[in-house]
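Next comes coords-v1.csv, a file with CSV, C-alpha atoms.
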```csv
chain,number,residue,atom,x,y,z
A,1285,MET,CA,20.8,2.6,-21.6
A,1286,ILE,CA,17.8,3.5,-19.5
A,1287,ILE,CA,16.1,1.1,-17.1
A,1288,ARG,CA,12.5,1.7,-16.0
A,1289,SER,CA,10.0,0.1,-13.7
A,1290,LYS,CA,6.6,0.8,-12.4
A,1291,ALA,CA,4.5,-0.8,-9.6
A,1292,PRO,CA,0.8,-0.3,-8.8
A,1293,LEU,CA,-0.6,1.3,-5.6
A,1294,ARG,CA,-3.3,-0.6,-3.8
A,1295,ILE,CA,-6.7,-0.1,-2.1
A,1296,GLY,CA,-7.0,-2.2,1.0
A,1297,LEU,CA,-10.6,-3.6,1.1
A,1298,ALA,CA,-10.5,-5.7,4.2
A,1299,GLY,CA,-8.4,-7.0,7.1
A,1300,GLY,CA,-6.2,-3.9,7.3
A,1301,GLY,CA,-3.8,-3.9,10.2
A,1302,THR,CA,-3.8,-7.7,10.7
A,1303,ASP,CA,-0.5,-7.9,8.7
A,1304,VAL,CA,1.4,-6.0,11.4
A,1305,SER,CA,3.6,-7.7,14.0
A,1306,PRO,CA,3.1,-8.9,16.6
A,1307,TYR,CA,-0.6,-9.6,15.8
A,1308,CYS,CA,0.1,-11.7,12.7
A,1309,ASP,CA,2.9,-13.6,14.5
A,1310,LEU,CA,0.6,-14.5,17.3
A,1311,PHE,CA,-2.7,-15.0,15.7
A,1312,GLY,CA,-2.2,-15.0,11.9
A,1313,GLY,CA,-3.4,-12.1,9.7
A,1314,ALA,CA,-5.5,-12.0,6.6
A,1315,ILE,CA,-5.9,-9.1,4.1
A,1316,LEU,CA,-7.8,-8.5,0.9
A,1317,ASN,CA,-6.5,-5.8,-1.4
A,1318,ALA,CA,-6.7,-4.7,-5.0
A,1319,THR,CA,-4.1,-2.8,-7.1
A,1320,VAL,CA,-5.3,0.3,-9.0
A,1321,SER,CA,-4.0,2.3,-12.0
A,1322,LEU,CA,-1.9,4.7,-9.8
A,1323,TYR,CA,1.8,3.9,-9.8
A,1324,ALA,CA,5.2,4.4,-8.4
A,1325,TYR,CA,7.9,4.8,-11.1
A,1326,ALA,CA,11.6,4.4,-11.1
A,1327,THR,CA,14.2,5.2,-13.8
A,1328,ILE,CA,17.9,4.3,-13.5
A,1329,GLU,CA,20.5,5.9,-15.9
A,1330,PRO,CA,23.9,4.2,-15.4
A,1331,LEU,CA,26.8,6.7,-15.0
A,1332,ASP,CA,30.6,6.3,-15.1
A,1333,SER,CA,31.3,9.5,-13.1
A,1334,GLY,CA,31.6,7.8,-9.7
A,1335,GLU,CA,28.5,9.7,-8.5
A,1336,ILE,CA,25.0,8.8,-7.3
A,1337,ILE,CA,22.2,11.2,-8.2
A,1338,PHE,CA,18.8,10.9,-6.6
A,1339,ASN,CA,15.9,12.8,-8.2
A,1340,VAL,CA,12.5,12.5,-6.5
A,1341,ALA,CA,10.5,14.3,-9.2
A,1342,ASP,CA,7.1,14.4,-7.5
A,1343,ARG,CA,8.5,16.0,-4.3
A,1344,GLN,CA,11.2,18.1,-6.0
A,1345,GLU,CA,14.0,16.6,-3.9
A,1346,TYR,CA,17.5,16.1,-5.3
A,1347,GLU,CA,20.7,14.8,-3.9
A,1348,LYS,CA,24.1,14.1,-5.4
A,1349,LEU,CA,26.6,11.8,-3.6
A,1350,ASP,CA,29.9,10.1,-4.2
A,1351,SER,CA,29.4,6.5,-4.9
A,1352,ALA,CA,30.2,4.3,-1.9
A,1353,MET,CA,29.6,0.8,-0.5
A,1354,ALA,CA,27.0,2.2,1.8
A,1355,LEU,CA,25.1,5.5,2.0
A,1356,PRO,CA,24.2,7.0,5.4
A,1357,LEU,CA,20.6,6.8,6.4
A,1358,ASN,CA,20.2,10.3,7.8
A,1359,GLY,CA,16.5,11.0,7.3
A,1360,LYS,CA,16.9,12.3,3.7
A,1361,LEU,CA,15.7,10.0,0.9
A,1362,ASP,CA,16.4,7.0,3.2
A,1363,LEU,CA,14.2,4.6,1.2
A,1364,LEU,CA,16.2,5.2,-1.9
A,1365,LYS,CA,19.5,4.9,0.0
A,1366,GLY,CA,18.2,1.8,1.8
A,1367,VAL,CA,17.5,0.0,-1.5
A,1368,TYR,CA,20.9,0.9,-2.9
A,1369,ASN,CA,22.7,-0.2,0.3
A,1370,ARG,CA,21.0,-3.6,0.3
A,1371,VAL,CA,21.6,-4.2,-3.5
A,1372,VAL,CA,25.3,-3.5,-3.0
A,1373,LYS,CA,25.6,-5.5,0.2
A,1374,ASP,CA,23.7,-8.6,-1.1
A,1375,PHE,CA,24.4,-8.6,-4.8
A,1376,SER,CA,26.8,-6.2,-6.6
A,1377,LYS,CA,29.5,-6.3,-3.8
A,1378,LYS,CA,30.9,-3.0,-5.3
A,1379,PRO,CA,29.8,0.6,-5.5
A,1380,LEU,CA,27.5,1.6,-8.4
A,1381,SER,CA,27.2,4.9,-10.2
A,1382,PHE,CA,23.8,6.0,-11.6
A,1383,LYS,CA,21.0,8.6,-11.6
A,1384,LEU,CA,17.8,7.4,-10.0
A,1385,THR,CA,14.6,9.3,-10.8
A,1386,THR,CA,11.4,8.4,-9.0
A,1387,TYR,CA,7.8,9.6,-9.2
A,1388,VAL,CA,4.6,8.4,-7.4
A,1389,ASP,CA,1.0,9.2,-8.6
A,1390,ALA,CA,-0.2,9.8,-5.0
A,1391,PRO,CA,1.2,11.8,-2.1
A,1392,ALA,CA,3.2,10.2,0.6
A,1393,GLY,CA,1.2,9.3,3.7
A,1394,SER,CA,-2.1,9.1,1.7
A,1395,GLY,CA,-2.8,5.5,2.6
A,1396,LEU,CA,-2.4,3.7,-0.7
A,1397,GLY,CA,1.0,2.1,0.2
A,1398,THR,CA,3.1,4.7,-1.6
A,1399,SER,CA,6.4,4.2,0.3
A,1400,SER,CA,6.4,0.4,0.1
A,1401,THR,CA,5.4,0.5,-3.6
A,1402,LEU,CA,8.2,2.9,-4.3
A,1403,VAL,CA,10.7,0.5,-2.7
A,1404,VAL,CA,9.3,-2.3,-4.9
A,1405,ALA,CA,9.6,-0.1,-8.0
A,1406,ILE,CA,13.2,0.9,-7.2
A,1407,LEU,CA,14.2,-2.7,-6.3
A,1408,GLY,CA,12.6,-3.8,-9.6
A,1409,ALA,CA,14.7,-1.3,-11.6
A,1410,PHE,CA,17.9,-2.6,-9.9
A,1411,THR,CA,16.8,-6.2,-10.6
A,1412,GLU,CA,16.3,-5.4,-14.3
A,1413,TRP,CA,19.6,-3.5,-14.5
A,1414,LEU,CA,21.8,-6.0,-12.7
A,1415,LYS,CA,19.9,-9.1,-13.7
A,1416,LEU,CA,19.4,-10.1,-10.1
A,1417,PRO,CA,18.0,-13.6,-9.5
A,1418,LEU,CA,14.8,-12.5,-7.7
A,1419,GLY,CA,11.3,-13.8,-8.1
A,1420,GLU,CA,8.1,-12.1,-7.0
A,1421,TYR,CA,8.2,-13.4,-3.4
A,1422,ASP,CA,11.9,-12.5,-3.2
A,1423,ILE,CA,11.4,-8.9,-4.3
A,1424,ALA,CA,8.4,-8.4,-2.0
A,1425,HIS,CA,10.2,-9.9,1.1
A,1426,LEU,CA,13.4,-8.0,0.4
A,1427,ALA,CA,11.4,-4.7,0.0
A,1428,TYR,CA,9.8,-5.5,3.4
A,1429,GLU,CA,13.1,-6.0,5.0
A,1430,ILE,CA,14.6,-2.8,3.5
A,1431,GLU,CA,11.7,-0.6,4.7
A,1432,ARG,CA,10.9,-2.2,8.0
A,1433,ILE,CA,14.2,-3.5,9.2
A,1434,ASP,CA,17.0,-1.5,7.5
A,1435,CYS,CA,15.2,1.8,7.4
A,1436,LYS,CA,13.3,1.1,10.7
A,1437,MET,CA,10.0,2.3,9.4
A,1438,ALA,CA,7.0,0.8,11.2
A,1439,GLY,CA,4.3,-0.8,9.1
A,1440,GLY,CA,2.8,-4.0,7.8
A,1441,ARG,CA,3.6,-6.5,5.0
A,1442,GLN,CA,0.7,-6.2,2.6
A,1443,ASP,CA,1.9,-3.3,0.5
A,1444,GLN,CA,5.1,-4.8,-0.8
A,1445,TYR,CA,3.3,-8.0,-1.9
A,1446,ALA,CA,0.4,-6.1,-3.5
A,1447,ALA,CA,2.8,-3.9,-5.5
A,1448,THR,CA,4.9,-6.9,-6.7
A,1449,PHE,CA,2.1,-9.3,-7.6
A,1450,GLY,CA,-0.7,-6.9,-8.6
A,1451,GLY,CA,-4.4,-7.8,-9.0
A,1452,VAL,CA,-6.9,-8.7,-6.4
A,1453,ASN,CA,-5.3,-10.9,-3.7
A,1454,PHE,CA,-6.3,-12.6,-0.5
A,1455,MET,CA,-3.1,-12.6,1.6
A,1456,GLU,CA,-2.3,-14.6,4.7
A,1457,PHE,CA,0.4,-13.7,7.2
A,1458,SER,CA,1.9,-15.8,10.0
A,1459,LYS,CA,5.0,-16.0,12.2
A,1460,ASP,CA,8.6,-16.1,10.8
A,1461,ASP,CA,7.6,-13.6,8.1
A,1462,LYS,CA,5.6,-16.3,6.2
A,1463,VAL,CA,3.3,-14.8,3.6
A,1464,ILE,CA,0.9,-16.6,1.2
A,1465,VAL,CA,-0.5,-14.6,-1.7
A,1466,ASN,CA,-3.8,-16.1,-3.1
A,1467,PRO,CA,-4.8,-14.4,-6.4
A,1468,LEU,CA,-8.6,-14.2,-6.7
A,1469,ARG,CA,-10.2,-15.0,-10.0
A,1470,ILE,CA,-13.1,-12.5,-9.9
A,1471,LYS,CA,-15.4,-12.3,-12.9
A,1472,ASP,CA,-15.0,-9.2,-14.9
A,1473,GLN,CA,-18.6,-8.0,-14.4
A,1474,TYR,CA,-18.2,-8.3,-10.6
A,1475,LEU,CA,-15.0,-6.3,-10.7
A,1476,SER,CA,-16.5,-3.7,-13.1
A,1477,GLU,CA,-19.5,-3.2,-10.7
A,1478,LEU,CA,-17.1,-2.9,-7.8
A,1479,GLY,CA,-15.1,-0.3,-9.6
A,1480,HIS,CA,-18.2,1.7,-10.6
A,1481,ASN,CA,-19.5,1.8,-7.1
A,1482,LEU,CA,-16.3,2.3,-5.1
A,1483,VAL,CA,-15.5,6.0,-4.8
A,1484,LEU,CA,-11.9,6.9,-4.0
A,1485,PHE,CA,-11.8,10.2,-2.1
A,1486,TYR,CA,-8.6,12.1,-1.2
A,1487,THR,CA,-9.1,14.2,2.0
A,1488,GLU,CA,-6.2,16.5,1.0
A,1489,THR,CA,-4.5,15.5,4.2
A,1490,SER,CA,-1.7,13.1,4.9
A,1491,ARG,CA,-0.4,11.4,8.1
A,1492,LEU,CA,2.6,9.6,9.5
A,1493,SER,CA,1.2,6.0,9.5
A,1494,SER,CA,4.1,4.7,11.6
A,1495,ASN,CA,2.8,6.5,14.7
A,1496,ILE,CA,-0.6,4.7,14.5
A,1497,ILE,CA,1.0,1.4,13.7
A,1498,GLU,CA,3.4,1.6,16.6
A,1499,GLN,CA,0.4,2.2,19.0
A,1500,GLN,CA,-1.4,-0.7,17.4
A,1501,SER,CA,1.6,-3.0,17.9
A,1502,LYS,CA,1.9,-1.8,21.5
A,1503,ASN,CA,-1.8,-2.6,22.1
A,1504,VAL,CA,-1.1,-6.2,21.1
A,1505,THR,CA,2.0,-6.4,23.2
A,1506,ASP,CA,0.2,-5.0,26.2
A,1507,LYS,CA,-2.7,-7.4,25.7
A,1508,ASN,CA,-5.3,-4.7,25.2
A,1509,GLN,CA,-8.2,-7.1,24.6
A,1510,SER,CA,-10.5,-4.6,22.9
A,1511,SER,CA,-7.8,-3.8,20.3
A,1512,ILE,CA,-7.0,-7.5,19.8
A,1513,ASP,CA,-10.7,-8.3,19.4
A,1514,ALA,CA,-11.0,-5.5,16.8
A,1515,MET,CA,-8.2,-7.1,14.8
A,1516,HIS,CA,-9.9,-10.5,15.0
A,1517,ASN,CA,-13.0,-9.0,13.6
A,1518,LEU,CA,-11.0,-7.4,10.7
A,1519,LYS,CA,-9.5,-10.7,9.9
A,1520,GLU,CA,-13.1,-12.1,9.8
A,1521,GLN,CA,-14.0,-9.2,7.5
A,1522,SER,CA,-11.3,-10.2,5.0
A,1523,VAL,CA,-12.9,-13.7,4.6
A,1524,ARG,CA,-16.4,-12.2,4.2
A,1525,MET,CA,-15.0,-9.8,1.6
A,1526,LYS,CA,-13.4,-12.6,-0.3
A,1527,GLU,CA,-16.5,-14.7,-0.4
A,1528,ALA,CA,-18.7,-11.8,-1.5
A,1529,LEU,CA,-16.3,-10.9,-4.4
A,1530,LEU,CA,-15.9,-14.5,-5.6
A,1531,GLN,CA,-19.6,-15.3,-5.4
A,1532,GLY,CA,-20.7,-12.0,-7.0
A,1533,HIS,CA,-22.6,-10.7,-3.9
A,1534,ILE,CA,-21.4,-7.2,-4.7
A,1535,HIS,CA,-24.4,-5.6,-2.9
A,1536,GLN,CA,-22.9,-6.9,0.4
A,1537,ILE,CA,-19.6,-4.9,0.0
A,1538,GLY,CA,-20.8,-1.8,1.6
A,1539,GLU,CA,-22.1,-3.6,4.7
A,1540,ILE,CA,-18.8,-5.5,5.0
A,1541,LEU,CA,-16.8,-2.3,4.7
A,1542,ASP,CA,-18.9,-0.6,7.4
A,1543,PHE,CA,-18.4,-3.6,9.7
A,1544,GLY,CA,-14.7,-3.3,9.3
A,1545,TRP,CA,-14.7,0.5,9.8
A,1546,LYS,CA,-16.5,0.2,13.1
A,1547,HIS,CA,-13.9,-2.3,14.4
A,1548,LYS,CA,-10.8,-0.6,12.8
A,1549,LYS,CA,-11.4,2.5,14.9
A,1550,GLN,CA,-10.9,0.3,18.0
A,1551,MET,CA,-7.4,-0.9,17.0
A,1552,ALA,CA,-5.5,2.3,18.0
A,1553,GLY,CA,-5.9,6.0,18.6
A,1554,GLY,CA,-5.6,8.4,15.8
A,1555,ILE,CA,-7.2,6.2,13.1
A,1556,THR,CA,-10.1,8.6,12.9
A,1557,ASN,CA,-10.8,12.2,13.9
A,1558,PRO,CA,-13.9,14.5,13.9
A,1559,HIS,CA,-13.2,15.6,10.3
A,1560,ILE,CA,-13.1,12.0,9.0
A,1561,ASP,CA,-16.1,11.0,11.1
A,1562,GLU,CA,-18.1,13.9,9.6
A,1563,ILE,CA,-17.2,12.9,6.0
A,1564,TYR,CA,-18.2,9.3,6.7
A,1565,LYS,CA,-21.5,10.3,8.3
A,1566,LEU,CA,-22.6,12.5,5.4
A,1567,ALA,CA,-21.4,10.0,2.8
A,1568,MET,CA,-23.6,7.4,4.4
A,1569,GLU,CA,-26.6,9.8,4.6
A,1570,ALA,CA,-26.1,10.5,0.9
A,1571,GLY,CA,-26.4,6.9,-0.1
A,1572,ALA,CA,-23.1,5.1,0.6
A,1573,THR,CA,-23.6,1.8,2.4
A,1574,GLY,CA,-20.1,1.6,3.9
A,1575,GLY,CA,-16.6,2.8,3.6
A,1576,LYS,CA,-13.2,3.2,5.4
A,1577,ILE,CA,-10.1,5.2,5.6
A,1578,SER,CA,-7.3,3.7,3.4
A,1579,GLY,CA,-4.2,2.5,5.1
A,1580,ALA,CA,-3.4,2.9,8.8
A,1581,GLY,CA,-5.8,5.8,9.2
A,1582,GLY,CA,-5.6,9.4,10.3
A,1583,GLY,CA,-6.0,11.0,6.9
A,1584,GLY,CA,-5.2,10.4,3.2
A,1585,PHE,CA,-7.7,8.6,1.0
A,1586,MET,CA,-11.1,7.2,2.0
A,1587,ILE,CA,-13.2,4.8,0.0
A,1588,PHE,CA,-17.0,4.6,-0.1
A,1589,TYR,CA,-19.2,1.9,-1.5
A,1590,CYS,CA,-22.1,3.6,-3.4
A,1591,PRO,CA,-24.7,1.2,-4.9
A,1592,GLY,CA,-26.9,1.9,-7.8
A,1593,THR,CA,-26.4,5.5,-8.9
A,1594,THR,CA,-25.8,6.9,-5.4
A,1595,ARG,CA,-22.1,7.6,-6.3
A,1596,PHE,CA,-23.0,11.0,-7.9
A,1597,ASN,CA,-24.9,12.3,-4.8
A,1598,VAL,CA,-22.1,11.0,-2.5
A,1599,ILE,CA,-19.4,12.7,-4.5
A,1600,LYS,CA,-21.4,16.0,-4.5
A,1601,VAL,CA,-21.6,15.9,-0.7
A,1602,ILE,CA,-18.1,14.8,0.2
A,1603,GLU,CA,-16.4,17.2,-2.2
A,1604,LYS,CA,-17.8,20.1,-0.1
A,1605,PHE,CA,-15.1,19.1,2.4
A,1606,GLY,CA,-12.5,20.4,0.1
A,1607,GLY,CA,-11.1,17.0,-1.0
A,1608,SER,CA,-11.2,15.5,-4.5
A,1609,VAL,CA,-12.4,12.2,-6.0
A,1610,LYS,CA,-9.6,10.3,-7.8
A,1611,ARG,CA,-10.4,8.3,-10.9
A,1612,TYR,CA,-8.9,4.8,-11.1
A,1613,ALA,CA,-9.3,1.4,-12.6
A,1614,PHE,CA,-8.4,-2.0,-11.1
A,1615,THR,CA,-5.2,-3.5,-12.5
A,1616,LYS,CA,-4.2,-7.1,-13.0
A,1617,GLU,CA,-0.4,-6.6,-13.4
A,1618,GLY,CA,2.0,-6.0,-10.6
A,1619,LEU,CA,5.7,-4.8,-10.9
A,1620,SER,CA,6.9,-4.4,-14.5
A,1621,THR,CA,10.4,-3.5,-15.7
A,1622,TRP,CA,12.0,-2.8,-19.0
A,1623,THR,CA,15.2,-1.5,-20.6
A,1624,ILE,CA,15.5,1.0,-23.5
```

Since I need it in another form, could you write the structure as structure tokens?
Amino acid sequence: MIIRSKAPLRIGLAGGGTDVSPYCDLFGGAILNATVSLYAYATIEPLDSGEIIFNVADRQEYEKLDSAMALPLNGKLDLLKGVYNRVVKDFSKKPLSFKLTTYVDAPAGSGLGTSSTLVVAILGAFTEWLKLPLGEYDIAHLAYEIERIDCKMAGGRQDQYAATFGGVNFMEFSKDDKVIVNPLRIKDQYLSELGHNLVLFYTETSRLSSNIIEQQSKNVTDKNQSSIDAMHNLKEQSVRMKEALLQGHIHQIGEILDFGWKHKKQMAGGITNPHIDEIYKLAMEAGATGGKISGAGGGGFMIFYCPGTTRFNVIKVIEKFGGSVKRYAFTKEGLSTWTI
């Protein structure tokens, strides 16, 4: 028996950072994101050897352990161990023996929610294997707890819900970990135009998003008003983005992205740097009307809205920086699991 799962990565279109505590607890957060045809995969092969084998295929990391009620979180493959520990503690109540193989279509730290999506995929595989009584909200919330609380990795809430639900969603976040996922029914022609015009560019750099997020959280705690005002504006951006997509005002997307980028840079240090600023400047000069760094910032993927046929000129210009354009399509499905 082999159990498989896959969960989609996401592009954050608006509101990024307002899903992070304590901002969303105090003021409420709002995000608009869309899942794309890049995935995190997990495969579980049950064993009867009393061993646990972790094989992270994309990063060529491998570890073999004796099965136990809890595996130590020691900085090596902690996300995989964290999911296992929680599954045993909350559900199986006994050690399990298996081989877990994972793979992600984008590098860690690239800003597409890779770590959270991987947790969702692994949790989905365990849910399929053990027939756990978990719905979509349950899986997303448990994935959040495993990553943010059990593994103590700083970050927001949107990625786990995007990976689980899939599609284009307007998400609302409030105190006591309350999350509402509002799926948006966007006409196919609007989504096709957005996909044609939105260029996804990998800068060939990655970053540790937790450092930026910790500073962002500290700015709220310390009542840094300029940082808080920037987050208010990003929350407003998510509402403007939702209205533009639903009403088919696709020509406004670039302007809305540019509005958000100007304010996102005020949230915390490290979100941008001279290299990112230069890419953004030249992309705009080449015809883009807006863009942003994906995820917390500091590196990874950038997106640019390129109306008309400007995408070809923009790609030509930004590829001179040594990065690469990633092909993708928007997806409607979230986490999927199956057994063979």

Contact table region 1404-1516 of chain A vs region 1307-1316 of chain A, cut-off 8 Å, shortest pair per residue, only C-alpha atoms, as JSON lines:
```
{"residue": "A:Gln1442", "atom": "CA", "partner": "A:Ile1315", "partner_atom": "CA", "distance": 7.4}
{"residue": "A:Val1452", "atom": "CA", "partner": "A:Leu1316", "partner_atom": "CA", "distance": 7.4}
{"residue": "A:Asn1453", "atom": "CA", "partner": "A:Leu1316", "partner_atom": "CA", "distance": 5.8}
{"residue": "A:Phe1454", "atom": "CA", "partner": "A:Leu1316", "partner_atom": "CA", "distance": 4.6}
{"residue": "A:Met1455", "atom": "CA", "partner": "A:Ile1315", "partner_atom": "CA", "distance": 5.1}
{"residue": "A:Glu1456", "atom": "CA", "partner": "A:Ala1314", "partner_atom": "CA", "distance": 4.5}
{"residue": "A:Phe1457", "atom": "CA", "partner": "A:Gly1313", "partner_atom": "CA", "distance": 4.8}
{"residue": "A:Ser1458", "atom": "CA", "partner": "A:Gly1312", "partner_atom": "CA", "distance": 4.6}
{"residue": "A:Lys1459", "atom": "CA", "partner": "A:Asp1309", "partner_atom": "CA", "distance": 3.9}
{"residue": "A:Asp1460", "atom": "CA", "partner": "A:Asp1309", "partner_atom": "CA", "distance": 7.2}
{"residue": "A:Asp1461", "atom": "CA", "partner": "A:Asp1309", "partner_atom": "CA", "distance": 7.9}
{"residue": "A:Ser1501", "atom": "CA", "partner": "A:Tyr1307", "partner_atom": "CA", "distance": 7.3}
{"residue": "A:Val1504", "atom": "CA", "partner": "A:Tyr1307", "partner_atom": "CA", "distance": 6.3}
{"residue": "A:Ile1512", "atom": "CA", "partner": "A:Tyr1307", "partner_atom": "CA", "distance": 7.8}
```

Would you mind exporting the chosen residues as a short mmCIF file (atom, residue, chain, number, x, y, z; two decimals), keeping the file's coordinate frame, restricted to C-alpha atoms?
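Produced file selection-v2.cif, reproduced below:
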```
data_model
loop_
_atom_site.label_atom_id
_atom_site.label_comp_id
_atom_site.auth_asym_id
_atom_site.auth_seq_id
_atom_site.Cartn_x
_atom_site.Cartn_y
_atom_site.Cartn_z
CA GLN A 1442 0.70 -6.20 2.60
CA VAL A 1452 -6.90 -8.70 -6.40
CA ASN A 1453 -5.30 -10.90 -3.70
CA PHE A 1454 -6.30 -12.60 -0.50
CA MET A 1455 -3.10 -12.60 1.60
CA GLU A 1456 -2.30 -14.60 4.70
CA PHE A 1457 0.40 -13.70 7.20
CA SER A 1458 1.90 -15.80 10.00
CA LYS A 1459 5.00 -16.00 12.20
CA ASP A 1460 8.60 -16.10 10.80
CA ASP A 1461 7.60 -13.60 8.10
CA SER A 1501 1.60 -3.00 17.90
CA VAL A 1504 -1.10 -6.20 21.10
CA ILE A 1512 -7.00 -7.50 19.80
#
```

For this session: Measuring atom to atom with only C-alpha atoms, identify which of A:Thr1401, A:Asn1358, A:Asn1508, A:Ser1351 is nearest to Arg1294 (chain A).
Result: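 Under the stated criterion, the closest residue is A:Thr1401.
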
Exercise: region 1427-1434 of chain A partners within 9 Å, only C-alpha atoms, chain neighbours under 6 positions left out, as a PDB file with C-alpha atoms, keeping the file's coordinate frame:
```pdb
ATOM      1  CA  LEU A1363      14.200   4.600   1.200  1.00  0.00           C
ATOM      2  CA  GLY A1366      18.200   1.800   1.800  1.00  0.00           C
ATOM      3  CA  VAL A1367      17.500   0.000  -1.500  1.00  0.00           C
ATOM      4  CA  ARG A1370      21.000  -3.600   0.300  1.00  0.00           C
ATOM      5  CA  SER A1399       6.400   4.200   0.300  1.00  0.00           C
ATOM      6  CA  SER A1400       6.400   0.400   0.100  1.00  0.00           C
ATOM      7  CA  THR A1401       5.400   0.500  -3.600  1.00  0.00           C
ATOM      8  CA  VAL A1403      10.700   0.500  -2.700  1.00  0.00           C
ATOM      9  CA  VAL A1404       9.300  -2.300  -4.900  1.00  0.00           C
ATOM     10  CA  LEU A1407      14.200  -2.700  -6.300  1.00  0.00           C
ATOM     11  CA  GLY A1440       2.800  -4.000   7.800  1.00  0.00           C
ATOM     12  CA  ARG A1441       3.600  -6.500   5.000  1.00  0.00           C
ATOM     13  CA  ASP A1443       1.900  -3.300   0.500  1.00  0.00           C
ATOM     14  CA  GLN A1444       5.100  -4.800  -0.800  1.00  0.00           C
ATOM     15  CA  TYR A1445       3.300  -8.000  -1.900  1.00  0.00           C
TER      16      TYR A1445
END
```

For this session: Name the closest residue to Glu1562 (chain A) among the candidates A:Leu1475, A:Leu1468, A:Ile1602, A:Val1304; distances are taken between atoms, counting all atoms listed in the file.
Result: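 The closest residue to Glu1562 (chain A) is A:Ile1602.
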
Exercise. Which value, in Å to one decimal, gives the distance between CA of Lys1600 (chain A) and CA of Gly1300 (chain A)?
Worked result: 27.7 Å

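The space between CA of Thr1386 (chain A) and CA of Ser1289 (chain A) spans 9.6 Å.
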
For this session: Have a look at A:Gly1582, A:Glu1345, A:Gly1408, A:Asn1466 and name the one nearest to Pro1558 (chain A); count only C-alpha atoms.
Result: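 Using only C-alpha atoms, the shortest distance to Pro1558 (chain A) belongs to A:Gly1582.
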
For this session: Point out the residue among A:Ala1580, A:Val1340, A:Met1586, A:Ala1424 with the least atom-to-atom distance to Glu1488 (chain A), counting all atoms listed in the file.
Result: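 When distances to Glu1488 (chain A) are compared using all atoms listed in the file, the smallest one comes from A:Met1586.
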